[in-house]
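Trainee: If it helps, the file is called data_15.cif and holds mmCIF, C-alpha atoms:
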```cif
data_coords
#
loop_
_atom_site.group_PDB
_atom_site.id
_atom_site.type_symbol
_atom_site.label_atom_id
_atom_site.label_comp_id
_atom_site.auth_asym_id
_atom_site.auth_seq_id
_atom_site.Cartn_x
_atom_site.Cartn_y
_atom_site.Cartn_z
ATOM 1 C CA MET A 17 0.000 0.000 0.000
ATOM 2 C CA ASN A 18 1.556 3.286 -1.017
ATOM 3 C CA SER A 19 1.248 6.535 0.887
ATOM 4 C CA GLU A 20 -1.578 7.863 -1.309
ATOM 5 C CA GLU A 21 -3.658 4.747 -0.718
ATOM 6 C CA LEU A 22 -2.933 4.912 2.988
ATOM 7 C CA GLU A 23 -3.911 8.573 3.103
ATOM 8 C CA ARG A 24 -7.134 7.880 1.184
ATOM 9 C CA SER A 25 -7.944 4.956 3.455
ATOM 10 C CA LEU A 26 -7.362 6.997 6.601
ATOM 11 C CA ARG A 27 -9.386 9.903 5.211
ATOM 12 C CA ASP A 28 -12.277 7.594 4.331
ATOM 13 C CA GLU A 29 -12.160 5.977 7.755
ATOM 14 C CA PHE A 30 -12.129 9.361 9.494
ATOM 15 C CA GLU A 31 -14.973 10.696 7.327
ATOM 16 C CA ASN A 32 -17.056 7.615 8.101
ATOM 17 C CA TYR A 33 -16.349 8.077 11.801
ATOM 18 C CA LEU A 34 -17.431 11.725 11.621
ATOM 19 C CA LYS A 35 -20.592 10.802 9.719
ATOM 20 C CA GLY A 36 -21.424 8.355 12.493
ATOM 21 C CA VAL A 37 -20.834 10.973 15.174
ATOM 22 C CA VAL A 38 -22.988 13.519 13.337
ATOM 23 C CA ALA A 39 -25.778 10.970 12.832
ATOM 24 C CA GLU A 40 -25.681 10.111 16.532
ATOM 25 C CA LEU A 41 -25.828 13.787 17.514
ATOM 26 C CA LYS A 42 -28.783 14.359 15.190
ATOM 27 C CA GLN A 43 -30.604 11.410 16.748
ATOM 28 C CA GLU A 44 -29.913 12.633 20.282
ATOM 29 C CA THR A 45 -31.054 16.142 19.324
ATOM 30 C CA SER A 46 -34.279 14.785 17.862
ATOM 31 C CA GLU A 47 -34.979 12.727 20.992
ATOM 32 C CA PHE A 48 -34.252 15.746 23.192
ATOM 33 C CA GLN A 49 -36.619 17.927 21.152
ATOM 34 C CA GLN A 50 -39.338 15.293 21.474
ATOM 35 C CA ARG A 51 -38.890 15.133 25.266
ATOM 36 C CA ILE A 52 -39.026 18.929 25.527
ATOM 37 C CA ALA A 53 -42.182 19.064 23.377
ATOM 38 C CA ALA A 54 -43.850 16.380 25.501
ATOM 39 C CA ASP A 55 -42.897 18.191 28.722
ATOM 40 C CA LEU A 56 -44.244 21.485 27.369
ATOM 41 C CA ASP A 57 -47.509 19.804 26.386
ATOM 42 C CA ARG A 58 -47.874 18.408 29.917
ATOM 43 C CA GLN A 59 -47.188 21.839 31.397
ATOM 44 C CA ARG A 60 -49.722 23.498 29.077
ATOM 45 C CA GLN A 61 -52.326 20.938 30.076
ATOM 46 C CA ALA A 62 -51.604 21.407 33.775
ATOM 47 C CA ILE A 63 -51.875 25.191 33.437
ATOM 48 C CA ALA A 64 -55.139 24.908 31.486
ATOM 49 C CA GLU A 65 -56.562 22.613 34.169
ATOM 50 C CA ALA A 66 -55.465 25.019 36.899
ATOM 51 C CA PHE A 67 -57.184 27.945 35.166
ATOM 52 C CA THR A 68 -60.334 25.893 34.607
ATOM 53 C CA SER A 69 -60.409 24.914 38.265
ATOM 54 C CA PHE A 70 -59.800 28.499 39.348
ATOM 55 C CA ASN A 71 -62.569 29.799 37.064
ATOM 56 C CA GLU A 72 -65.000 27.225 38.438
ATOM 57 C CA ARG A 73 -64.247 28.331 42.008
ATOM 58 C CA VAL A 74 -64.579 32.012 41.127
ATOM 59 C CA GLU A 75 -67.892 31.489 39.321
ATOM 60 C CA SER A 76 -69.473 29.437 42.112
#
```
Take the structure from the file and write it as structure tokens.

Mentor:
Amino acid sequence: MNSEELERSLRDEFENYLKGVVAELKQETSEFQQRIAADLDRQRQAIAEAFTSFNERVES
């Protein structure tokens, strides 16, 4: 294997490694966004329920 082939092989290996790292980061980011969205939905629901309960007490 000459130096050009070695360099190409190392470059390809490194690029594949980086692609894997980037793909993993994208997946983790997507999962994090989904957890945040779910948490925000739960908070919105809890706030809406609190306002509904408060309005019912005020109106009675």

Trainee: Calculate how many Å separate atom CA of Lys35 of chain A from atom CA of Met17 of chain A, rounding to one decimal.

Mentor: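 About the pair atom CA of Lys35 of chain A and atom CA of Met17 of chain A: they are 25.2 Å apart.
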
Trainee: Hey, can you check how far atom CA of Ala62 of chain A sits from atom CA of Ser76 of chain A?

Mentor: 21.3 Å

Trainee: Separation of atom CA of Tyr33 of chain A and atom CA of Arg51 of chain A, in Å?

Mentor: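 That distance, rounded to one decimal, is 27.2 Å.
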